[in-house]
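Dropping data34.cif in here (mmCIF, C-alpha atoms):
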data_target
loop_
_atom_site.label_atom_id
_atom_site.label_comp_id
_atom_site.auth_asym_id
_atom_site.auth_seq_id
_atom_site.Cartn_x
_atom_site.Cartn_y
_atom_site.Cartn_z
CA MET U 1159 -61.26 -83.18 -50.44
CA LEU U 1160 -58.43 -84.20 -52.76
CA PRO U 1161 -56.14 -81.49 -54.21
CA GLU U 1162 -57.46 -80.07 -57.49
CA ALA U 1163 -54.01 -80.20 -59.10
CA PHE U 1164 -53.78 -83.89 -58.23
CA LEU U 1165 -57.21 -84.68 -59.72
CA ALA U 1166 -56.44 -82.73 -62.87
CA ARG U 1167 -53.20 -84.63 -63.38
CA MET U 1168 -54.87 -87.98 -62.71
CA GLU U 1169 -57.61 -87.21 -65.24
CA GLU U 1170 -54.97 -86.48 -67.86
CA GLN U 1171 -52.95 -89.54 -66.81
CA LEU U 1172 -55.83 -92.05 -66.82
CA GLY U 1173 -58.08 -90.69 -69.56
CA PRO U 1174 -61.29 -92.76 -69.81
CA GLU U 1175 -60.36 -94.73 -66.66
CA PHE U 1176 -60.43 -91.63 -64.47
CA GLY U 1177 -64.07 -92.12 -63.49
CA ALA U 1178 -63.43 -95.68 -62.30
CA PHE U 1179 -60.38 -94.41 -60.36
CA GLN U 1180 -62.49 -91.76 -58.59
CA GLU U 1181 -65.16 -94.31 -57.73
CA SER U 1182 -62.53 -96.66 -56.24
CA LEU U 1183 -61.46 -93.92 -53.80
CA GLU U 1184 -65.03 -93.73 -52.47
CA ARG U 1185 -65.48 -97.43 -51.72
CA PRO U 1186 -64.55 -98.89 -48.28
CA ARG U 1187 -60.85 -99.62 -47.90
CA ALA U 1188 -59.73 -103.23 -48.35
CA VAL U 1189 -57.54 -104.03 -45.33
CA ALA U 1190 -55.08 -106.90 -45.19
CA LEU U 1191 -52.58 -108.73 -43.03
CA ARG U 1192 -49.65 -110.99 -43.73
CA PHE U 1193 -48.94 -114.12 -41.69
CA ASN U 1194 -45.40 -114.59 -40.43
CA PRO U 1195 -43.85 -117.90 -41.59
CA LEU U 1196 -41.10 -117.52 -38.96
CA LYS U 1197 -43.75 -118.30 -36.32
CA GLY U 1198 -44.80 -121.61 -37.86
CA PRO U 1199 -48.15 -122.58 -39.42
CA ALA U 1200 -50.74 -119.81 -39.60
CA PRO U 1201 -53.72 -120.16 -37.24
CA ASP U 1202 -57.31 -120.39 -38.44
CA LEU U 1203 -58.84 -117.04 -37.47
CA PRO U 1204 -62.51 -116.12 -38.01
CA PHE U 1205 -61.79 -112.57 -39.21
CA VAL U 1206 -59.39 -113.64 -41.99
CA GLY U 1207 -60.96 -113.73 -45.45
CA GLN U 1208 -59.82 -114.19 -49.05
CA PRO U 1209 -56.13 -114.37 -49.99
CA VAL U 1210 -54.13 -111.54 -51.52
CA PRO U 1211 -53.39 -112.93 -55.01
CA TRP U 1212 -49.76 -111.76 -55.24
CA GLU U 1213 -48.59 -112.77 -51.74
CA GLU U 1214 -49.07 -116.32 -50.49
CA THR U 1215 -49.02 -115.26 -46.81
CA GLY U 1216 -51.33 -112.26 -47.35
CA PHE U 1217 -55.06 -112.18 -46.62
CA TYR U 1218 -57.79 -109.58 -46.47
CA TYR U 1219 -59.63 -109.30 -43.17
CA ASP U 1220 -62.85 -107.93 -41.74
CA PRO U 1221 -62.10 -104.26 -40.85
CA GLU U 1222 -64.53 -104.45 -37.92
CA SER U 1223 -62.46 -107.18 -36.23
CA ARG U 1224 -59.51 -104.98 -35.13
CA PRO U 1225 -56.82 -107.72 -35.33
CA GLY U 1226 -54.23 -105.30 -33.95
CA LEU U 1227 -55.78 -105.90 -30.52
CA HIS U 1228 -55.55 -109.69 -30.73
CA VAL U 1229 -52.81 -111.39 -28.70
CA TYR U 1230 -51.48 -112.99 -31.88
CA HIS U 1231 -50.51 -109.52 -33.09
CA ASP U 1232 -48.43 -109.04 -29.92
CA ALA U 1233 -46.85 -112.44 -30.58
CA GLY U 1234 -45.83 -111.45 -34.12
CA VAL U 1235 -48.02 -114.06 -35.78
CA TYR U 1236 -49.06 -111.52 -38.41
CA TYR U 1237 -48.28 -108.02 -39.63
CA LEU U 1238 -51.02 -105.58 -40.65
CA GLN U 1239 -50.03 -104.44 -44.14
CA GLU U 1240 -51.89 -102.84 -47.02
CA ALA U 1241 -52.24 -105.39 -49.81
CA SER U 1242 -50.64 -103.26 -52.56
CA ALA U 1243 -47.60 -102.73 -50.33
CA MET U 1244 -46.93 -106.48 -50.42
CA ALA U 1245 -46.21 -106.35 -54.17
CA PRO U 1246 -42.61 -105.00 -54.21
CA VAL U 1247 -41.23 -107.89 -52.14
CA THR U 1248 -43.06 -110.36 -54.39
CA LEU U 1249 -41.18 -108.76 -57.30
CA LEU U 1250 -37.90 -108.67 -55.36
CA ALA U 1251 -38.24 -112.45 -54.73
CA PRO U 1252 -35.59 -112.78 -51.98
CA ARG U 1253 -34.31 -116.27 -51.20
CA PRO U 1254 -32.78 -117.99 -48.14
CA GLY U 1255 -29.03 -117.52 -47.83
CA GLU U 1256 -28.78 -114.30 -49.85
CA TRP U 1257 -27.57 -110.85 -48.86
CA VAL U 1258 -30.63 -108.57 -49.08
CA CYS U 1259 -30.90 -104.85 -48.30
CA ASP U 1260 -34.07 -102.86 -47.60
CA LEU U 1261 -32.68 -99.35 -47.86
CA CYS U 1262 -35.74 -97.39 -46.61
CA ALA U 1263 -37.19 -100.00 -44.28
CA ALA U 1264 -39.32 -98.31 -41.59
CA PRO U 1265 -41.79 -99.16 -40.21
CA GLY U 1266 -40.95 -102.71 -41.28
CA GLY U 1267 -43.80 -104.13 -43.37
CA LYS U 1268 -41.72 -104.96 -46.42
CA THR U 1269 -38.57 -105.86 -44.50
CA THR U 1270 -40.40 -108.38 -42.28
CA GLN U 1271 -41.96 -109.77 -45.46
CA ILE U 1272 -38.42 -110.19 -46.85
CA ALA U 1273 -37.35 -111.85 -43.58
CA GLY U 1274 -40.14 -114.41 -43.86
CA ARG U 1275 -38.97 -115.39 -47.33
CA MET U 1276 -35.35 -115.67 -46.18
CA GLU U 1277 -36.33 -118.24 -43.51
CA GLY U 1278 -33.67 -117.03 -41.08
CA ARG U 1279 -30.77 -117.68 -43.49
CA GLY U 1280 -28.47 -115.13 -45.06
CA LEU U 1281 -28.04 -111.47 -44.10
CA LEU U 1282 -30.84 -108.91 -44.13
CA LEU U 1283 -29.67 -105.30 -43.81
CA CYS U 1284 -32.63 -103.04 -43.03
CA ASN U 1285 -31.92 -99.34 -42.81
CA GLU U 1286 -33.85 -96.21 -41.86
CA ILE U 1287 -32.31 -92.74 -41.96
CA HIS U 1288 -34.69 -91.15 -39.39
CA PRO U 1289 -33.77 -92.19 -35.79
CA ALA U 1290 -37.33 -92.35 -34.39
CA ARG U 1291 -38.57 -94.43 -37.33
CA ALA U 1292 -35.49 -96.66 -37.06
CA LYS U 1293 -36.52 -97.51 -33.49
CA VAL U 1294 -40.01 -98.48 -34.68
CA LEU U 1295 -38.39 -100.65 -37.35
CA SER U 1296 -36.21 -102.35 -34.75
CA ARG U 1297 -39.20 -103.09 -32.52
CA ASN U 1298 -41.11 -104.64 -35.40
CA MET U 1299 -38.16 -106.87 -36.30
CA GLU U 1300 -38.18 -108.02 -32.67
CA ARG U 1301 -41.93 -108.66 -32.61
CA MET U 1302 -41.77 -110.73 -35.78
CA GLY U 1303 -38.95 -112.91 -34.41
CA VAL U 1304 -36.33 -112.00 -37.05
CA ALA U 1305 -32.86 -113.25 -36.10
CA ASN U 1306 -30.73 -112.62 -39.20
CA ALA U 1307 -31.29 -108.86 -39.57
CA LEU U 1308 -28.86 -105.99 -39.10
CA VAL U 1309 -30.83 -102.80 -38.31
CA THR U 1310 -29.00 -99.55 -39.08
CA ASN U 1311 -29.75 -95.83 -38.83
CA GLU U 1312 -27.57 -94.49 -41.64
CA HIS U 1313 -27.63 -92.30 -44.71
CA PRO U 1314 -27.97 -94.61 -47.73
CA GLU U 1315 -24.79 -93.21 -49.27
CA ARG U 1316 -22.72 -94.26 -46.24
CA LEU U 1317 -23.99 -97.82 -46.59
CA ALA U 1318 -23.27 -97.73 -50.32
CA GLU U 1319 -19.68 -96.72 -49.65
CA ARG U 1320 -19.26 -99.38 -46.98
CA PHE U 1321 -20.93 -102.32 -48.77
CA ALA U 1322 -20.49 -101.52 -52.45
CA GLY U 1323 -21.07 -104.55 -54.67
CA CYS U 1324 -22.03 -106.88 -51.80
CA PHE U 1325 -25.78 -107.52 -52.12
CA ASP U 1326 -27.83 -109.98 -54.15
CA ARG U 1327 -31.02 -107.93 -53.93
CA VAL U 1328 -31.85 -104.36 -52.91
CA LEU U 1329 -35.28 -102.87 -52.28
CA VAL U 1330 -35.64 -99.10 -52.55
CA ASP U 1331 -39.16 -98.39 -51.30
CA ALA U 1332 -38.53 -94.69 -51.55
CA PRO U 1333 -40.11 -91.87 -49.54
CA CYS U 1334 -42.68 -90.32 -51.86
CA SER U 1335 -45.57 -87.87 -52.09
CA GLY U 1336 -47.86 -90.64 -50.80
CA GLU U 1337 -50.78 -90.29 -53.20
CA GLY U 1338 -51.69 -93.91 -52.56
CA MET U 1339 -52.09 -93.01 -48.87
CA PHE U 1340 -54.68 -90.27 -49.38
CA ARG U 1341 -57.58 -92.38 -48.08
CA LYS U 1342 -55.59 -93.73 -45.15
CA GLU U 1343 -53.81 -90.64 -43.85
CA GLU U 1344 -55.24 -87.12 -43.91
CA ALA U 1345 -51.72 -85.71 -43.55
CA ALA U 1346 -50.82 -87.20 -46.93
CA VAL U 1347 -53.47 -84.95 -48.52
CA THR U 1348 -52.60 -81.77 -46.62
CA ASP U 1349 -48.84 -82.21 -47.21
CA TRP U 1350 -49.22 -82.81 -50.97
CA SER U 1351 -48.29 -80.24 -53.59
CA PRO U 1352 -46.67 -80.27 -57.04
CA GLU U 1353 -43.53 -78.94 -55.33
CA THR U 1354 -43.58 -81.95 -52.97
CA VAL U 1355 -43.69 -84.28 -55.97
CA ARG U 1356 -40.65 -82.60 -57.50
CA MET U 1357 -38.77 -82.63 -54.19
CA CYS U 1358 -39.50 -86.34 -53.71
CA ALA U 1359 -38.30 -87.14 -57.24
CA ARG U 1360 -34.94 -85.50 -56.54
CA ARG U 1361 -34.53 -87.39 -53.28
CA GLN U 1362 -35.56 -90.68 -54.89
CA GLY U 1363 -32.82 -90.28 -57.50
CA GLU U 1364 -30.22 -89.91 -54.76
CA ILE U 1365 -31.42 -93.02 -52.92
CA LEU U 1366 -31.56 -95.04 -56.13
CA ARG U 1367 -27.92 -94.20 -56.83
CA SER U 1368 -26.98 -95.59 -53.41
CA GLY U 1369 -29.06 -98.72 -54.00
CA ALA U 1370 -27.30 -99.30 -57.31
CA LYS U 1371 -23.87 -99.22 -55.66
CA LEU U 1372 -24.88 -101.87 -53.11
CA LEU U 1373 -25.61 -104.53 -55.74
CA HIS U 1374 -23.06 -106.96 -57.12
CA PRO U 1375 -23.11 -107.80 -60.84
CA GLY U 1376 -26.25 -109.81 -61.61
CA GLY U 1377 -28.09 -108.42 -58.59
CA ARG U 1378 -31.76 -107.36 -58.65
CA LEU U 1379 -33.01 -103.91 -57.69
CA VAL U 1380 -36.69 -103.19 -57.06
CA TYR U 1381 -37.73 -99.55 -56.87
CA SER U 1382 -41.18 -98.84 -55.48
CA THR U 1383 -43.41 -96.01 -54.29
CA CYS U 1384 -46.96 -95.62 -53.00
CA THR U 1385 -47.66 -92.68 -55.30
CA PHE U 1386 -49.20 -92.29 -58.76
CA ALA U 1387 -47.02 -89.36 -59.92
CA PRO U 1388 -45.17 -90.24 -63.15
CA GLU U 1389 -42.33 -87.89 -62.14
CA GLU U 1390 -41.65 -90.09 -59.11
CA ASP U 1391 -42.37 -93.40 -60.86
CA GLU U 1392 -41.66 -93.98 -64.57
CA GLY U 1393 -39.74 -90.71 -64.72
CA ALA U 1394 -37.48 -91.68 -61.83
CA VAL U 1395 -36.74 -95.08 -63.40
CA ALA U 1396 -36.03 -93.58 -66.84
CA ALA U 1397 -33.65 -91.02 -65.33
CA PHE U 1398 -31.89 -93.75 -63.36
CA LEU U 1399 -31.43 -95.98 -66.42
CA ALA U 1400 -30.09 -93.07 -68.46
CA GLU U 1401 -27.51 -92.45 -65.74
CA HIS U 1402 -26.69 -96.16 -65.16
CA PRO U 1403 -25.90 -98.04 -68.38
CA ASP U 1404 -24.92 -101.06 -66.26
CA PHE U 1405 -28.62 -101.67 -65.44
CA ARG U 1406 -31.39 -103.17 -67.55
CA PRO U 1407 -35.15 -103.62 -67.01
CA GLU U 1408 -35.80 -107.23 -66.00
CA PRO U 1409 -38.88 -109.05 -67.32
CA VAL U 1410 -40.78 -110.89 -64.57
CA GLU U 1411 -44.08 -112.74 -64.40
CA ALA U 1412 -46.63 -110.56 -62.59
CA PRO U 1413 -50.09 -111.18 -64.09
CA TRP U 1414 -51.89 -109.33 -61.27
CA PHE U 1415 -50.38 -105.92 -62.11
CA THR U 1416 -50.55 -103.48 -65.04
CA PRO U 1417 -47.21 -103.58 -66.89
CA GLY U 1418 -45.49 -100.39 -68.05
CA GLU U 1419 -42.21 -99.26 -69.50
CA ASN U 1420 -38.70 -100.16 -68.24
CA GLY U 1421 -39.72 -103.20 -66.22
CA SER U 1422 -42.34 -101.29 -64.25
CA PHE U 1423 -45.76 -102.22 -62.90
CA ARG U 1424 -48.74 -100.27 -61.64
CA LEU U 1425 -51.22 -101.39 -59.01
CA TRP U 1426 -54.31 -99.27 -59.62
CA PRO U 1427 -57.01 -99.11 -56.91
CA HIS U 1428 -59.75 -99.37 -59.56
CA LYS U 1429 -58.29 -102.63 -60.90
CA LEU U 1430 -57.57 -104.57 -57.70
CA LEU U 1431 -58.27 -104.61 -53.96
CA GLY U 1432 -55.61 -102.22 -52.75
CA GLU U 1433 -54.69 -98.56 -52.41
CA GLY U 1434 -52.24 -98.55 -55.31
CA HIS U 1435 -48.49 -98.89 -55.78
CA PHE U 1436 -45.71 -98.59 -58.34
CA ALA U 1437 -42.71 -100.89 -58.74
CA ALA U 1438 -39.94 -101.47 -61.27
CA VAL U 1439 -37.60 -104.46 -61.50
CA LEU U 1440 -34.03 -103.80 -62.68
CA ARG U 1441 -30.98 -106.03 -63.11
CA LYS U 1442 -27.35 -104.94 -62.70
CA ILE U 1443 -25.27 -106.32 -65.56
CA GLY U 1444 -21.94 -104.56 -64.97
CA GLY U 1445 -19.68 -103.40 -62.17
CA GLU U 1446 -17.40 -105.23 -59.79
CA PRO U 1447 -18.32 -107.51 -56.87
CA GLY U 1448 -17.54 -106.10 -53.46
CA GLU U 1449 -15.95 -107.60 -50.39
CA VAL U 1450 -16.10 -106.50 -46.78
CA PRO U 1451 -14.27 -107.87 -43.73
CA ALA U 1452 -16.37 -110.18 -41.57
CA PHE U 1453 -17.04 -109.51 -37.92
CA ARG U 1454 -14.99 -112.05 -36.00
CA GLY U 1455 -17.53 -112.68 -33.27
CA GLU U 1456 -17.06 -113.06 -29.53
CA LYS U 1457 -17.21 -115.90 -27.05
CA LEU U 1458 -20.56 -116.71 -25.51
CA PRO U 1459 -20.36 -116.14 -21.74
CA GLY U 1460 -20.75 -118.97 -19.27
CA THR U 1461 -23.94 -117.46 -17.85
CA TRP U 1462 -25.58 -117.81 -21.27
CA ASP U 1463 -24.33 -121.37 -21.63
CA ALA U 1464 -25.88 -122.29 -18.29
CA PHE U 1465 -29.18 -120.58 -19.13
CA ALA U 1466 -29.40 -122.16 -22.59
CA ARG U 1467 -28.53 -125.60 -21.26
CA GLU U 1468 -31.19 -125.38 -18.54
CA LEU U 1469 -33.91 -124.43 -21.06
CA GLY U 1470 -32.66 -126.54 -23.94
CA ILE U 1471 -32.16 -123.55 -26.27
CA ARG U 1472 -30.20 -124.21 -29.47
CA LEU U 1473 -29.09 -121.26 -31.57
CA PRO U 1474 -28.75 -121.39 -35.37
CA PRO U 1475 -25.30 -120.95 -36.98
CA GLY U 1476 -23.99 -117.50 -36.12
CA LYS U 1477 -21.70 -115.56 -33.82
CA ALA U 1478 -21.94 -113.59 -30.60
CA VAL U 1479 -21.85 -109.79 -30.45
CA CYS U 1480 -21.65 -107.83 -27.18
CA PHE U 1481 -23.02 -104.27 -26.94
CA GLY U 1482 -22.15 -103.30 -23.38
CA GLN U 1483 -24.04 -105.75 -21.17
CA SER U 1484 -26.35 -106.79 -24.01
CA LEU U 1485 -25.63 -110.02 -25.84
CA TYR U 1486 -26.73 -110.58 -29.46
CA TRP U 1487 -26.58 -113.55 -31.78
CA ALA U 1488 -25.71 -112.41 -35.29
CA PRO U 1489 -25.81 -114.23 -38.62
CA GLU U 1490 -22.57 -115.87 -39.69
CA GLU U 1491 -22.28 -113.41 -42.59
CA LEU U 1492 -22.30 -110.32 -40.31
CA PRO U 1493 -19.71 -107.82 -41.59
CA GLU U 1494 -17.53 -105.54 -39.49
CA LEU U 1495 -19.70 -102.80 -37.94
CA ALA U 1496 -17.19 -100.19 -36.76
CA ARG U 1497 -18.36 -96.55 -37.20
CA LEU U 1498 -21.88 -97.55 -38.24
CA LYS U 1499 -25.03 -96.53 -36.36
CA VAL U 1500 -26.37 -99.97 -35.46
CA LEU U 1501 -29.58 -100.51 -33.54
CA ARG U 1502 -29.59 -104.33 -33.73
CA PRO U 1503 -26.81 -106.56 -35.07
CA GLY U 1504 -29.01 -109.66 -34.94
CA LEU U 1505 -31.12 -111.44 -32.33
CA GLU U 1506 -30.95 -109.96 -28.84
CA LEU U 1507 -30.37 -112.82 -26.38
CA GLY U 1508 -30.36 -110.82 -23.16
CA GLU U 1509 -28.19 -109.09 -20.58
CA ILE U 1510 -25.03 -110.49 -19.05
CA LYS U 1511 -25.19 -110.05 -15.29
CA LYS U 1512 -22.35 -110.76 -12.88
CA ASP U 1513 -23.61 -114.17 -11.82
CA ARG U 1514 -26.62 -114.82 -14.05
CA PHE U 1515 -28.22 -114.24 -17.43
CA GLU U 1516 -31.38 -112.15 -17.97
CA PRO U 1517 -33.16 -113.22 -21.20
CA ALA U 1518 -34.42 -110.60 -23.66
CA HIS U 1519 -38.00 -110.28 -24.85
CA ALA U 1520 -36.65 -110.66 -28.41
CA LEU U 1521 -35.35 -114.14 -27.57
CA ALA U 1522 -38.80 -115.20 -26.34
CA LEU U 1523 -40.44 -113.97 -29.54
CA TRP U 1524 -37.88 -115.85 -31.67
CA LEU U 1525 -38.23 -119.14 -29.78
CA ARG U 1526 -40.90 -121.55 -30.94
CA GLU U 1527 -40.16 -124.06 -28.19
CA CYS U 1528 -37.87 -124.59 -25.23
CA GLY U 1529 -37.52 -126.86 -22.20
CA SER U 1530 -39.94 -124.90 -20.01
CA VAL U 1531 -43.16 -123.63 -21.56
CA GLN U 1532 -46.39 -122.41 -19.99
CA SER U 1533 -49.17 -122.19 -22.57
CA TYR U 1534 -52.55 -120.55 -22.02
CA ALA U 1535 -55.52 -120.31 -24.37
CA PRO U 1536 -55.29 -117.12 -26.50
CA GLU U 1537 -58.56 -115.70 -25.16
CA SER U 1538 -57.96 -116.80 -21.55
CA GLU U 1539 -57.98 -114.68 -18.41
CA GLU U 1540 -54.34 -115.70 -17.84
CA ILE U 1541 -53.26 -114.15 -21.15
CA ARG U 1542 -55.25 -111.00 -20.40
CA ALA U 1543 -53.52 -110.74 -17.03
CA TYR U 1544 -50.09 -111.45 -18.53
CA LEU U 1545 -50.45 -108.68 -21.13
CA HIS U 1546 -51.38 -106.30 -18.31
CA GLY U 1547 -48.20 -107.16 -16.41
CA GLU U 1548 -49.84 -109.24 -13.68
CA VAL U 1549 -48.67 -112.53 -12.19
CA VAL U 1550 -50.29 -115.65 -13.62
CA PRO U 1551 -50.82 -119.10 -12.05
CA SER U 1552 -48.29 -121.82 -12.92
CA GLU U 1553 -46.49 -124.72 -11.29
CA LYS U 1554 -43.31 -123.93 -13.22
CA LYS U 1555 -40.11 -122.96 -11.43
CA GLY U 1556 -37.43 -120.71 -12.85
CA TRP U 1557 -37.48 -119.10 -16.29
CA CYS U 1558 -40.43 -120.12 -18.42
CA LEU U 1559 -41.56 -119.26 -21.95
CA VAL U 1560 -45.16 -117.98 -21.89
CA GLN U 1561 -47.23 -118.89 -24.94
CA ALA U 1562 -50.66 -117.91 -26.22
CA GLY U 1563 -51.78 -121.18 -27.77
CA ASP U 1564 -48.81 -122.30 -29.89
CA TYR U 1565 -47.14 -118.88 -30.15
CA SER U 1566 -44.49 -117.46 -27.83
CA LEU U 1567 -45.34 -114.20 -26.13
CA GLY U 1568 -42.70 -113.47 -23.49
CA TRP U 1569 -40.95 -114.63 -20.32
CA GLY U 1570 -42.14 -115.47 -16.84
CA LYS U 1571 -40.22 -116.68 -13.80
CA GLY U 1572 -41.98 -119.18 -11.60
CA ASP U 1573 -41.85 -120.10 -7.92
CA GLY U 1574 -44.03 -123.20 -8.24
CA LYS U 1575 -47.29 -121.29 -7.71
CA VAL U 1576 -47.23 -118.23 -9.98
CA LEU U 1577 -45.11 -116.74 -12.74
CA LYS U 1578 -43.54 -113.37 -12.04
CA ASN U 1579 -44.33 -111.28 -15.10
CA HIS U 1580 -41.40 -110.29 -17.37
CA TYR U 1581 -43.50 -108.89 -20.22
CA PRO U 1582 -41.86 -105.51 -21.10
CA LYS U 1583 -43.51 -102.59 -19.33
CA GLY U 1584 -43.57 -100.52 -22.50
CA LEU U 1585 -45.71 -103.18 -24.25
CA ARG U 1586 -48.21 -103.82 -21.46
CA ARG U 1587 -51.85 -102.98 -22.02
#
Before anything else, please render the file you have as structure tokens.
Amino acid sequence: MLPEAFLARMEEQLGPEFGAFQESLERPRAVALRFNPLKGPAPDLPFVGQPVPWEETGFYYDPESRPGLHVYHDAGVYYLQEASAMAPVTLLAPRPGEWVCDLCAAPGGKTTQIAGRMEGRGLLLCNEIHPARAKVLSRNMERMGVANALVTNEHPERLAERFAGCFDRVLVDAPCSGEGMFRKEEAAVTDWSPETVRMCARRQGEILRSGAKLLHPGGRLVYSTCTFAPEEDEGAVAAFLAEHPDFRPEPVEAPWFTPGENGSFRLWPHKLLGEGHFAAVLRKIGGEPGEVPAFRGEKLPGTWDAFARELGIRLPPGKAVCFGQSLYWAPEELPELARLKVLRPGLELGEIKKDRFEPAHALALWLRECGSVQSYAPESEEIRAYLHGEVVPSEKKGWCLVQAGDYSLGWGKGDGKVLKNHYPKGLRR
């Protein structure tokens, strides 16, 4: 049962299209996934169907197939993401080598989509203000094999003060009243009220102001929500533009979506296969470029050098960062991080022990090949056993990258007969 106040507003908002909108909410949900280009060519899977028109890596899938249980999901080969939610990153159009910020990034669907387009080059700052959600975001960045991302747990305004004028592109996928989630999450219906809409609009204005500060002159800002409320959508954009004369709506080609005012687009569930979304594309034309001191980097320890040499691992351009015993490989552009709440400054390589190096699960998921690989068929008994934390047969000795087909899954350590299982206990089935 949808809220009466919501239905009344939608009828006024849509006019003669309201009936088609209501009917769309009663049809089966169209579910989608997005393949991860950081993992190499996408596999041919029987449950994957027609493409999502606005995202070249997006495809609809058979909802009965439960792809979240497939080993390729564990390996980060794809991300389950509602098709409409793929639209804002298409409009953001990030490119390799840029500085890109996803200011409200959890759980990670849009930010991993950005990472795929960046191809491991440049700096991706993904932030989430809520600590528990920031941890989920960090885990998804690990699963998808993203190496050039800085994951923070900060208030947007603190980041705006620290990195003012530094970014090429900023995505503000703002917390909203979630009207586009009504069919997916019952809590979205029970939590909704006109007061919630007004509260969200106020909060969205604050986050947008922070996003604006992060951009350098000429930078692109995309503001998006998964709600239909004009107060949170067109109203929020109009209020922002009135307050920021250094921004202009930016015309972009987006034939799949319904265009609106001030560079905005609507994705209506009665006009496409998706739950609905709103997005607006804005360009910063004034202001001053920013500059922040770079993190100097640290020396890679000898234990890492020996481990990498033994397995033939070659890192991309970057610099080492030590968090206690944990060693990370950060993008070359990594800025100074002092006094920031940082969950991940880049790719976690592993732990520095006194006389050895212990590789991280994140490193395995980033690697596409190394000098010692044990591959099993995706549907094999060996993969089932590995995901359950059991030993698996192998003639390998020492550290070995375990793969399901062509995709890396985790580490094992062999004695010539079996691989001791190093799949993280928290991920085991």
What residues come out when you apply the PyMOL selection byres ((chain U and resi 1266) around 10) to this file, written as a list in words?
->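 Checked against the file, the PyMOL selection byres ((chain U and resi 1266) around 10) matches Tyr1237, Gln1239, Asp1260, Cys1262, Ala1263, Ala1264, Pro1265, Gly1267, Lys1268, Thr1269, Thr1270, Gln1271, Ile1272, Cys1284, Asn1285, Glu1286, Arg1291, Ala1292, Val1294, Leu1295, Ser1296, Arg1297, Asn1298, Met1299 and Met1302 of chain U.
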Please, could you write that set of residues out with C-alpha atoms as an mmCIF file, keeping the file's coordinate frame?
data_model
loop_
_atom_site.group_PDB
_atom_site.id
_atom_site.type_symbol
_atom_site.label_atom_id
_atom_site.label_comp_id
_atom_site.auth_asym_id
_atom_site.auth_seq_id
_atom_site.Cartn_x
_atom_site.Cartn_y
_atom_site.Cartn_z
ATOM 1 C CA TYR U 1237 -48.280 -108.020 -39.630
ATOM 2 C CA GLN U 1239 -50.030 -104.440 -44.140
ATOM 3 C CA ASP U 1260 -34.070 -102.860 -47.600
ATOM 4 C CA CYS U 1262 -35.740 -97.390 -46.610
ATOM 5 C CA ALA U 1263 -37.190 -100.000 -44.280
ATOM 6 C CA ALA U 1264 -39.320 -98.310 -41.590
ATOM 7 C CA PRO U 1265 -41.790 -99.160 -40.210
ATOM 8 C CA GLY U 1267 -43.800 -104.130 -43.370
ATOM 9 C CA LYS U 1268 -41.720 -104.960 -46.420
ATOM 10 C CA THR U 1269 -38.570 -105.860 -44.500
ATOM 11 C CA THR U 1270 -40.400 -108.380 -42.280
ATOM 12 C CA GLN U 1271 -41.960 -109.770 -45.460
ATOM 13 C CA ILE U 1272 -38.420 -110.190 -46.850
ATOM 14 C CA CYS U 1284 -32.630 -103.040 -43.030
ATOM 15 C CA ASN U 1285 -31.920 -99.340 -42.810
ATOM 16 C CA GLU U 1286 -33.850 -96.210 -41.860
ATOM 17 C CA ARG U 1291 -38.570 -94.430 -37.330
ATOM 18 C CA ALA U 1292 -35.490 -96.660 -37.060
ATOM 19 C CA VAL U 1294 -40.010 -98.480 -34.680
ATOM 20 C CA LEU U 1295 -38.390 -100.650 -37.350
ATOM 21 C CA SER U 1296 -36.210 -102.350 -34.750
ATOM 22 C CA ARG U 1297 -39.200 -103.090 -32.520
ATOM 23 C CA ASN U 1298 -41.110 -104.640 -35.400
ATOM 24 C CA MET U 1299 -38.160 -106.870 -36.300
ATOM 25 C CA MET U 1302 -41.770 -110.730 -35.780
#
Tell me, as a list in words, which residues lie within 10 Å of Ile1365 in chain U, counting all atoms listed in the file; anything in the same chain fewer than 3 positions away does not count.
->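 Returned residues: Leu1261, Cys1262, His1313, Pro1314, Glu1315, Ala1318, Val1330, Asp1331, Ala1332, Pro1333, Arg1360, Arg1361, Gln1362, Ser1368, Gly1369, Ala1370 and Tyr1381 of chain U.
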Excluding Glu1181 in chain U and any residue of its chain fewer than 4 positions from it, enumerate the residues within 12 Å of it, using all atoms listed in the file, and give them as a count of residues only.
-> 9
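Between Gly1508 in chain U and the residues U:Pro1459, U:Pro1551, U:Gln1532, U:Leu1492, the shortest atom-to-atom distance, using only C-alpha atoms, involves U:Pro1459.
Considering the residues U:Pro1413, U:Gly1563, U:Pro1352, U:Gly1216 and counting only C-alpha atoms, Pro1388 in chain U has its shortest atom-to-atom contact with U:Pro1352.
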Evaluate the PyMOL selection byres ((chain U and resi 1243) around 9) and record the selected residues as an mmCIF file with C-alpha atoms, keeping the file's coordinate frame, following the chain and residue labels used in the document.
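File written: selection21.cif
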data_model
loop_
_atom_site.group_PDB
_atom_site.id
_atom_site.type_symbol
_atom_site.label_atom_id
_atom_site.label_comp_id
_atom_site.auth_asym_id
_atom_site.auth_seq_id
_atom_site.Cartn_x
_atom_site.Cartn_y
_atom_site.Cartn_z
ATOM 1 C CA GLN U 1239 -50.030 -104.440 -44.140
ATOM 2 C CA GLU U 1240 -51.890 -102.840 -47.020
ATOM 3 C CA ALA U 1241 -52.240 -105.390 -49.810
ATOM 4 C CA SER U 1242 -50.640 -103.260 -52.560
ATOM 5 C CA MET U 1244 -46.930 -106.480 -50.420
ATOM 6 C CA ALA U 1245 -46.210 -106.350 -54.170
ATOM 7 C CA PRO U 1246 -42.610 -105.000 -54.210
ATOM 8 C CA VAL U 1247 -41.230 -107.890 -52.140
ATOM 9 C CA GLY U 1267 -43.800 -104.130 -43.370
ATOM 10 C CA LYS U 1268 -41.720 -104.960 -46.420
ATOM 11 C CA THR U 1383 -43.410 -96.010 -54.290
ATOM 12 C CA CYS U 1384 -46.960 -95.620 -53.000
ATOM 13 C CA GLY U 1432 -55.610 -102.220 -52.750
ATOM 14 C CA GLU U 1433 -54.690 -98.560 -52.410
ATOM 15 C CA GLY U 1434 -52.240 -98.550 -55.310
ATOM 16 C CA HIS U 1435 -48.490 -98.890 -55.780
#
